[in-house]
Every structure is written in C-alpha cells, then in structure tokens.
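S.K.: So that we are looking at the same thing, I have put the structure below in structure tokens.
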Amino acid sequence: MTETRVSRWYFGGIASCAAACCTHPLDLIKVHLQTQQEVKMRMTSMATQVVRSDGLLALYNGLSASLCRQMTYSMTRFAIYETVRDKISSRNQGPMPFYQKIFLAAFGGLTGGFIGTPADMVNVRMQNDVKLPPELRRNYAHALDGLLRVWNEEGIRKLFSGASMAASRGAMVTVGQLSCYDQAKQLLLGTGLMTDNIFTHIFASLIAGGCATVLCQPMDVVKTRLMNSKGEYKGVIHCLTDTGKLGPKAFYKGLVPAGIRLIPHTVLTFIFLEQLRLYFGIRVVTST
C-alpha cells in the first residue's frame, strides 16, 4: 500500500495569496511601467520615484485588491485544473497527456480570469493611483471600497471592463504556469535523477514562470491599459490598434519587470502549494 497526498481545491488560492504578499511591489512597478504612454522610465528609476514621492509603503498600494484578485481568479483556476486533473488521472491510472493539460488549464484560466476581473481592475487602479496628481487620484480605501465605488459611480458594466482581455490573459498564464509546471515536474521526476522535493518544485516552477511570462505579456499590456482608462478606448480592438501604433515592442513593454515579478510569484506559489499538499493534502491510499 502506498500513500500519496492530493491538493485540496482551495490550496491554490491560499498559495497565490502568500506569493502575492511577497511579490506585490514588483507587480506595482510593472503596472506603472505599462501605463506609461511613452517609455520614459525604467524599473529601478520608477521604483525610486514611487518611494521618494510617497514613501516605502506606497509599494504595497492595492495589496487588498491583489489578495482579493488571488482569492477569486487564482482560486477558481487552480480549483478547476487540479480537481479535474486529479479525477482524470485517478480514472486513467496515470498522468494526463500534455495537450489535455493545456486545454484544461486554458478553460480554468479563462473562467478564473473572467471571475477575477472586478478585483483585477480595482487592483490596477489602486496601484496606479500613486502616479496620478492628488486631484485625479481615486483614493480607494481598500478593495471592497473600490468595488462598491465603481459599481455606484460607473455601473456594473465598468467592473467587467477588459474582461475579455483578462480572461484571455488568464487562459495564457494558466497554460504557462499550471500545465507547463505539471509537465516539467513529470519529466524531471521521470528522469529518475530527481525526487518529489523542493528542488524539483523550484526547477519546474522556473520553467513554468518563463513560459507564462512570454505567453501572456501582450495581453497583460492591453488589459492594463483598458482597466486604467478613463473612457479613451472604445474597446479591445481600439486599444490594440492604439498600442500597435507605438510599435511591436509596446506589447512587450515591461517584459523584464513582468518576468521579475511573475517568475518569483510562480516559484513561490508552487512552493507554498506543494508544502500545503504534502502536509495538509487529502490522503489517497493505493495498492501496489
């Protein structure tokens, strides 16, 4: 008899929240860089300006919205992916083929991205507030205050502004993170040189983080511009064409900070997730 542990459906949300607390300043700098009309500042100079003008704690502006986003977006995508994957794997008595993992991750990310759009929009606005002149700042007290104010002042439709891009981006990043992590981990363990330990988790998650960054960056740029807009864009196509006028590089604006933020976030998420699984996961006993 061998005992294994599988993840509970809500572990992904908890792990993502823990990782977000560590990487939030990088996420904030990434949003500031993406909302520049022209490339005027780089990552270090942007971080220095934020700290000089508003203090060190300004790097954590919008943390409540970021955690709210993880509890909606990440919990949904992880719950869908891991629950379905575990059921199919137990039924097939083996791991899913990679193409099935990609389709499942895309569906989970698409659903999670749509559900997490309101919190994501408030997150982008709270992070970008520091950059605006005092008279133009929205000054949301926290995530719930931001959600309620957008609902009351701009209507429920505004809460889902950029939902198509957020859902598409969610699908891409989930394919990069979840399916690539699963496959990388499976291949690493299959070599017989590595065991199911933290070093394997780190290596597999580094690969997944790199894949996710490259896949989702163009959509991330457009999504950020749409959510931060004050009505200057008529829709996704208008935003795409307007960004395209700045040249192809505009879609990869902030790629390095996005990678610096997303790769550590991916690594930390999977480290926390695997530790939760190993210590608090559901016991599954199989006969050998």
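Starting from 1 in every chain, residues are counted up; chains themselves are A, B, ... following the order of the structure tokens, and ligands are numbered from 1 as listed.
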Quick one: residues within 9 Å of Val214 of chain A, only C-alpha atoms, excluding same-chain residues fewer than 6 positions away - as JSON, numbers by chain?
M.R.: {"A": [173, 176, 252, 255, 259]}
S.K.: Tell me, which residues of segment 5-244 of chain A carry DSSP alpha helix (DSSP H), written as a PyMOL selection string?
M.R.: chain A and resi 11-34+43-54+63-69+75-92+98-115+117-128+143-154+156-159+163-174+180-190+198-228+236-244
S.K.: Report, in Å with one decimal, the straight-line distance from atom CA of Gln127 of chain A to atom CA of Met43 of chain A.
M.R.: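 If I compute the distance from atom CA of Gln127 of chain A to atom CA of Met43 of chain A, I get 14.9 Å.
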S.K.: Write out as a VMD selection string the residues lying within 10 Å of Arg42 of chain A, counting only C-alpha atoms and excluding same-chain residues fewer than 4 positions away.
M.R.: chain A and resid 29 to 30 32 to 33 46 to 47 254 256 to 257
S.K.: Which residues are close to segment 239-249 of chain A, i.e. within 10 Å by only C-alpha atoms, leaving aside same-chain residues fewer than 2 positions away? Reply as a ChimeraX atom specification.
M.R.: /A:37-38,218-219,221-223,225-226,229,232-237,251-255
S.K.: Rounded to one decimal, what separation in Å do you get between atom CA of Met71 of chain A and atom CA of Leu276 of chain A?
M.R.: 16.1 Å
S.K.: For segment 48-60 of chain A, list every protein, DNA or RNA residue within 6 Å, evaluated using only C-alpha atoms, and leave out those in the same chain fewer than 3 positions away; present the list as number ranges by chain.
M.R.: A: 25, 45, 63
S.K.: Selection from above, all heavy atoms, as a CSV table (one decimal), in the first residue's frame, can you write it?
M.R.:
chain,number,residue,atom,x,y,z
A,25,PRO,N,5.2,44.5,-4.6
A,25,PRO,CA,5.9,45.7,-5.1
A,25,PRO,C,6.4,45.6,-6.5
A,25,PRO,O,6.3,46.5,-7.3
A,25,PRO,CB,7.1,45.8,-4.1
A,25,PRO,CG,6.7,45.1,-2.9
A,25,PRO,CD,5.8,44.0,-3.3
A,45,SER,N,14.3,53.2,-11.7
A,45,SER,CA,14.0,54.7,-11.6
A,45,SER,C,12.5,54.8,-11.2
A,45,SER,O,12.2,55.7,-10.4
A,45,SER,CB,14.3,55.4,-12.9
A,45,SER,OG,13.7,54.8,-14.0
A,63,LEU,N,-2.7,46.3,-2.1
A,63,LEU,CA,-2.4,44.9,-1.7
A,63,LEU,C,-3.7,44.2,-1.4
A,63,LEU,O,-3.9,43.0,-1.8
A,63,LEU,CB,-1.5,44.9,-0.4
A,63,LEU,CG,-1.2,43.5,0.1
A,63,LEU,CD1,-0.5,42.6,-0.9
A,63,LEU,CD2,-0.4,43.6,1.4
S.K.: With a cut-off of 6 Å, could you pull out the residues of segment 75-183 of chain A touching segment 8-20 of chain A and give me the nearest pair of atoms for each, distance in Å to one decimal, using only C-alpha atoms, ordered by chain and ascending number, as a Markdown table?
M.R.:
| residue | atom | partner | partner_atom | distance |
| --- | --- | --- | --- | --- |
| A:Met75 | CA | A:Gly13 | CA | 3.9 |
| A:Phe78 | CA | A:Gly12 | CA | 5.2 |
| A:Ala79 | CA | A:Trp9 | CA | 4.5 |
S.K.: Quick one: residues within 12 Å of Cys21 of chain A, only C-alpha atoms counted, chain neighbours fewer than 5 positions away excluded, as a PDB file with all heavy atoms, in the first residue's frame?
M.R.:
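Here's the written file selection_25.pdb:
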ATOM      1  N   ILE A  14      -4.885  30.042  -1.561  1.00  0.00           N
ATOM      2  CA  ILE A  14      -4.072  30.371  -0.376  1.00  0.00           C
ATOM      3  C   ILE A  14      -2.607  30.565  -0.772  1.00  0.00           C
ATOM      4  O   ILE A  14      -1.956  31.529  -0.369  1.00  0.00           O
ATOM      5  CB  ILE A  14      -4.206  29.265   0.705  1.00  0.00           C
ATOM      6  CG1 ILE A  14      -5.648  29.185   1.218  1.00  0.00           C
ATOM      7  CG2 ILE A  14      -3.241  29.510   1.858  1.00  0.00           C
ATOM      8  CD1 ILE A  14      -5.933  27.968   2.094  1.00  0.00           C
ATOM      9  N   ALA A  15      -2.089  29.632  -1.584  1.00  0.00           N
ATOM     10  CA  ALA A  15      -0.687  29.707  -2.034  1.00  0.00           C
ATOM     11  C   ALA A  15      -0.443  30.973  -2.855  1.00  0.00           C
ATOM     12  O   ALA A  15       0.588  31.638  -2.697  1.00  0.00           O
ATOM     13  CB  ALA A  15      -0.345  28.468  -2.862  1.00  0.00           C
ATOM     14  N   SER A  16      -1.402  31.331  -3.718  1.00  0.00           N
ATOM     15  CA  SER A  16      -1.264  32.530  -4.554  1.00  0.00           C
ATOM     16  C   SER A  16      -1.275  33.802  -3.709  1.00  0.00           C
ATOM     17  O   SER A  16      -0.553  34.757  -4.012  1.00  0.00           O
ATOM     18  CB  SER A  16      -2.383  32.585  -5.593  1.00  0.00           C
ATOM     19  OG  SER A  16      -2.299  31.497  -6.471  1.00  0.00           O
ATOM     20  N   LEU A  26       6.756  44.379  -6.943  1.00  0.00           N
ATOM     21  CA  LEU A  26       7.154  44.160  -8.341  1.00  0.00           C
ATOM     22  C   LEU A  26       5.959  44.299  -9.275  1.00  0.00           C
ATOM     23  O   LEU A  26       6.074  44.834 -10.378  1.00  0.00           O
ATOM     24  CB  LEU A  26       7.778  42.766  -8.492  1.00  0.00           C
ATOM     25  CG  LEU A  26       9.090  42.526  -7.743  1.00  0.00           C
ATOM     26  CD1 LEU A  26       9.456  41.055  -7.764  1.00  0.00           C
ATOM     27  CD2 LEU A  26      10.221  43.362  -8.322  1.00  0.00           C
ATOM     28  N   ASP A  27       4.798  43.830  -8.816  1.00  0.00           N
ATOM     29  CA  ASP A  27       3.566  43.940  -9.602  1.00  0.00           C
ATOM     30  C   ASP A  27       3.179  45.412  -9.771  1.00  0.00           C
ATOM     31  O   ASP A  27       2.761  45.839 -10.849  1.00  0.00           O
ATOM     32  CB  ASP A  27       2.445  43.164  -8.901  1.00  0.00           C
ATOM     33  CG  ASP A  27       1.234  42.942  -9.800  1.00  0.00           C
ATOM     34  OD1 ASP A  27       1.418  42.855 -11.031  1.00  0.00           O
ATOM     35  OD2 ASP A  27       0.114  42.851  -9.272  1.00  0.00           O
ATOM     36  N   LEU A  28       3.333  46.184  -8.704  1.00  0.00           N
ATOM     37  CA  LEU A  28       3.001  47.609  -8.737  1.00  0.00           C
ATOM     38  C   LEU A  28       3.895  48.360  -9.732  1.00  0.00           C
ATOM     39  O   LEU A  28       3.411  49.156 -10.539  1.00  0.00           O
ATOM     40  CB  LEU A  28       3.150  48.196  -7.331  1.00  0.00           C
ATOM     41  CG  LEU A  28       2.843  49.699  -7.204  1.00  0.00           C
ATOM     42  CD1 LEU A  28       1.892  49.957  -6.041  1.00  0.00           C
ATOM     43  CD2 LEU A  28       4.116  50.501  -6.994  1.00  0.00           C
ATOM     44  N   LEU A  59       4.730  51.098  -2.098  1.00  0.00           N
ATOM     45  CA  LEU A  59       4.985  49.909  -2.921  1.00  0.00           C
ATOM     46  C   LEU A  59       3.955  48.813  -2.661  1.00  0.00           C
ATOM     47  O   LEU A  59       3.843  47.860  -3.425  1.00  0.00           O
ATOM     48  CB  LEU A  59       6.399  49.358  -2.656  1.00  0.00           C
ATOM     49  CG  LEU A  59       7.564  50.213  -3.161  1.00  0.00           C
ATOM     50  CD1 LEU A  59       8.885  49.674  -2.654  1.00  0.00           C
ATOM     51  CD2 LEU A  59       7.581  50.281  -4.688  1.00  0.00           C
ATOM     52  N   TYR A  60       3.207  48.965  -1.547  1.00  0.00           N
ATOM     53  CA  TYR A  60       2.162  47.992  -1.225  1.00  0.00           C
ATOM     54  C   TYR A  60       0.757  48.551  -1.452  1.00  0.00           C
ATOM     55  O   TYR A  60      -0.216  47.998  -0.963  1.00  0.00           O
ATOM     56  CB  TYR A  60       2.321  47.483   0.215  1.00  0.00           C
ATOM     57  CG  TYR A  60       3.349  46.372   0.295  1.00  0.00           C
ATOM     58  CD1 TYR A  60       4.692  46.665   0.505  1.00  0.00           C
ATOM     59  CD2 TYR A  60       2.993  45.046   0.108  1.00  0.00           C
ATOM     60  CE1 TYR A  60       5.639  45.650   0.540  1.00  0.00           C
ATOM     61  CE2 TYR A  60       3.924  44.027   0.140  1.00  0.00           C
ATOM     62  CZ  TYR A  60       5.250  44.333   0.360  1.00  0.00           C
ATOM     63  OH  TYR A  60       6.180  43.322   0.381  1.00  0.00           O
ATOM     64  N   ASN A  61       0.668  49.645  -2.226  1.00  0.00           N
ATOM     65  CA  ASN A  61      -0.646  50.191  -2.596  1.00  0.00           C
ATOM     66  C   ASN A  61      -1.434  49.132  -3.361  1.00  0.00           C
ATOM     67  O   ASN A  61      -0.910  48.532  -4.299  1.00  0.00           O
ATOM     68  CB  ASN A  61      -0.488  51.422  -3.505  1.00  0.00           C
ATOM     69  CG  ASN A  61      -0.340  52.687  -2.691  1.00  0.00           C
ATOM     70  OD1 ASN A  61      -0.343  52.646  -1.475  1.00  0.00           O
ATOM     71  ND2 ASN A  61      -0.181  53.805  -3.359  1.00  0.00           N
ATOM     72  N   GLY A  62      -2.683  48.927  -2.978  1.00  0.00           N
ATOM     73  CA  GLY A  62      -3.523  47.972  -3.692  1.00  0.00           C
ATOM     74  C   GLY A  62      -3.323  46.527  -3.275  1.00  0.00           C
ATOM     75  O   GLY A  62      -3.778  45.612  -3.963  1.00  0.00           O
ATOM     76  N   LEU A  63      -2.652  46.294  -2.128  1.00  0.00           N
ATOM     77  CA  LEU A  63      -2.423  44.904  -1.690  1.00  0.00           C
ATOM     78  C   LEU A  63      -3.737  44.185  -1.409  1.00  0.00           C
ATOM     79  O   LEU A  63      -3.894  43.008  -1.763  1.00  0.00           O
ATOM     80  CB  LEU A  63      -1.527  44.870  -0.444  1.00  0.00           C
ATOM     81  CG  LEU A  63      -1.222  43.470   0.115  1.00  0.00           C
ATOM     82  CD1 LEU A  63      -0.470  42.622  -0.904  1.00  0.00           C
ATOM     83  CD2 LEU A  63      -0.431  43.555   1.416  1.00  0.00           C
ATOM     84  N   SER A  64      -4.707  44.898  -0.812  1.00  0.00           N
ATOM     85  CA  SER A  64      -6.001  44.261  -0.502  1.00  0.00           C
ATOM     86  C   SER A  64      -6.701  43.806  -1.779  1.00  0.00           C
ATOM     87  O   SER A  64      -7.299  42.729  -1.836  1.00  0.00           O
ATOM     88  CB  SER A  64      -6.901  45.211   0.291  1.00  0.00           C
ATOM     89  OG  SER A  64      -7.214  46.367  -0.471  1.00  0.00           O
ATOM     90  N   ALA A  65      -6.596  44.635  -2.844  1.00  0.00           N
ATOM     91  CA  ALA A  65      -7.204  44.272  -4.132  1.00  0.00           C
ATOM     92  C   ALA A  65      -6.457  43.109  -4.775  1.00  0.00           C
ATOM     93  O   ALA A  65      -7.063  42.243  -5.408  1.00  0.00           O
ATOM     94  CB  ALA A  65      -7.213  45.475  -5.075  1.00  0.00           C
ATOM     95  N   SER A  66      -5.139  43.084  -4.591  1.00  0.00           N
ATOM     96  CA  SER A  66      -4.335  41.992  -5.132  1.00  0.00           C
ATOM     97  C   SER A  66      -4.712  40.666  -4.468  1.00  0.00           C
ATOM     98  O   SER A  66      -4.850  39.641  -5.139  1.00  0.00           O
ATOM     99  CB  SER A  66      -2.842  42.278  -4.901  1.00  0.00           C
ATOM    100  OG  SER A  66      -2.048  41.270  -5.476  1.00  0.00           O
ATOM    101  N   LEU A  67      -4.914  40.695  -3.152  1.00  0.00           N
ATOM    102  CA  LEU A  67      -5.317  39.483  -2.420  1.00  0.00           C
ATOM    103  C   LEU A  67      -6.740  39.065  -2.807  1.00  0.00           C
ATOM    104  O   LEU A  67      -7.024  37.873  -2.950  1.00  0.00           O
ATOM    105  CB  LEU A  67      -5.222  39.712  -0.910  1.00  0.00           C
ATOM    106  CG  LEU A  67      -3.807  39.959  -0.362  1.00  0.00           C
ATOM    107  CD1 LEU A  67      -3.850  40.235   1.134  1.00  0.00           C
ATOM    108  CD2 LEU A  67      -2.879  38.779  -0.642  1.00  0.00           C
ATOM    109  N   CYS A  68      -7.616  40.066  -2.995  1.00  0.00           N
ATOM    110  CA  CYS A  68      -8.996  39.797  -3.426  1.00  0.00           C
ATOM    111  C   CYS A  68      -8.984  39.135  -4.810  1.00  0.00           C
ATOM    112  O   CYS A  68      -9.737  38.187  -5.066  1.00  0.00           O
ATOM    113  CB  CYS A  68      -9.781  41.110  -3.465  1.00  0.00           C
ATOM    114  SG  CYS A  68     -11.504  40.922  -3.954  1.00  0.00           S
ATOM    115  N   GLN A  70      -6.503  37.337  -6.103  1.00  0.00           N
ATOM    116  CA  GLN A  70      -5.990  35.961  -5.981  1.00  0.00           C
ATOM    117  C   GLN A  70      -7.059  35.010  -5.442  1.00  0.00           C
ATOM    118  O   GLN A  70      -7.141  33.851  -5.861  1.00  0.00           O
ATOM    119  CB  GLN A  70      -4.753  35.922  -5.064  1.00  0.00           C
ATOM    120  CG  GLN A  70      -3.549  36.698  -5.566  1.00  0.00           C
ATOM    121  CD  GLN A  70      -3.037  36.248  -6.922  1.00  0.00           C
ATOM    122  OE1 GLN A  70      -3.268  35.127  -7.352  1.00  0.00           O
ATOM    123  NE2 GLN A  70      -2.339  37.131  -7.618  1.00  0.00           N
ATOM    124  N   ARG A 261       8.633  39.780 -11.773  1.00  0.00           N
ATOM    125  CA  ARG A 261       7.500  39.620 -10.849  1.00  0.00           C
ATOM    126  C   ARG A 261       6.839  38.252 -10.983  1.00  0.00           C
ATOM    127  O   ARG A 261       6.591  37.556 -10.005  1.00  0.00           O
ATOM    128  CB  ARG A 261       6.480  40.733 -11.100  1.00  0.00           C
ATOM    129  CG  ARG A 261       5.231  40.625 -10.242  1.00  0.00           C
ATOM    130  CD  ARG A 261       4.044  40.136 -11.047  1.00  0.00           C
ATOM    131  NE  ARG A 261       2.962  39.703 -10.173  1.00  0.00           N
ATOM    132  CZ  ARG A 261       1.919  39.013 -10.579  1.00  0.00           C
ATOM    133  NH1 ARG A 261       1.803  38.676 -11.834  1.00  0.00           N
ATOM    134  NH2 ARG A 261       0.991  38.648  -9.744  1.00  0.00           N
ATOM    135  N   PRO A 264       9.222  34.826  -9.903  1.00  0.00           N
ATOM    136  CA  PRO A 264       9.242  34.559  -8.458  1.00  0.00           C
ATOM    137  C   PRO A 264       7.854  34.241  -7.892  1.00  0.00           C
ATOM    138  O   PRO A 264       7.715  33.397  -7.000  1.00  0.00           O
ATOM    139  CB  PRO A 264       9.771  35.864  -7.852  1.00  0.00           C
ATOM    140  CG  PRO A 264      10.480  36.536  -8.944  1.00  0.00           C
ATOM    141  CD  PRO A 264       9.773  36.151 -10.203  1.00  0.00           C
ATOM    142  N   HIS A 265       6.819  34.925  -8.431  1.00  0.00           N
ATOM    143  CA  HIS A 265       5.449  34.651  -7.974  1.00  0.00           C
ATOM    144  C   HIS A 265       5.059  33.202  -8.280  1.00  0.00           C
ATOM    145  O   HIS A 265       4.457  32.529  -7.443  1.00  0.00           O
ATOM    146  CB  HIS A 265       4.468  35.608  -8.657  1.00  0.00           C
ATOM    147  CG  HIS A 265       3.059  35.472  -8.178  1.00  0.00           C
ATOM    148  ND1 HIS A 265       2.157  34.585  -8.753  1.00  0.00           N
ATOM    149  CD2 HIS A 265       2.384  36.070  -7.161  1.00  0.00           C
ATOM    150  CE1 HIS A 265       1.008  34.659  -8.116  1.00  0.00           C
ATOM    151  NE2 HIS A 265       1.118  35.549  -7.149  1.00  0.00           N
ATOM    152  N   LEU A 268       7.144  30.860  -5.914  1.00  0.00           N
ATOM    153  CA  LEU A 268       6.615  30.900  -4.540  1.00  0.00           C
ATOM    154  C   LEU A 268       5.244  30.226  -4.449  1.00  0.00           C
ATOM    155  O   LEU A 268       4.969  29.500  -3.489  1.00  0.00           O
ATOM    156  CB  LEU A 268       6.523  32.357  -4.062  1.00  0.00           C
ATOM    157  CG  LEU A 268       7.861  33.043  -3.768  1.00  0.00           C
ATOM    158  CD1 LEU A 268       7.659  34.542  -3.609  1.00  0.00           C
ATOM    159  CD2 LEU A 268       8.512  32.466  -2.519  1.00  0.00           C
ATOM    160  N   THR A 269       4.389  30.473  -5.456  1.00  0.00           N
ATOM    161  CA  THR A 269       3.051  29.856  -5.455  1.00  0.00           C
ATOM    162  C   THR A 269       3.158  28.338  -5.395  1.00  0.00           C
ATOM    163  O   THR A 269       2.496  27.689  -4.582  1.00  0.00           O
ATOM    164  CB  THR A 269       2.248  30.268  -6.714  1.00  0.00           C
ATOM    165  OG1 THR A 269       2.060  31.689  -6.693  1.00  0.00           O
ATOM    166  CG2 THR A 269       0.886  29.592  -6.763  1.00  0.00           C
TER     167      THR A 269
END
S.K.: Using only C-alpha atoms for the distances, tell me which of A:Thr4, A:Asn123, A:Met194, A:Glu274 is nearest to Thr286 of chain A.
M.R.: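 Ranking A:Thr4, A:Asn123, A:Met194, A:Glu274 by distance to Thr286 of chain A, first place goes to A:Thr4.
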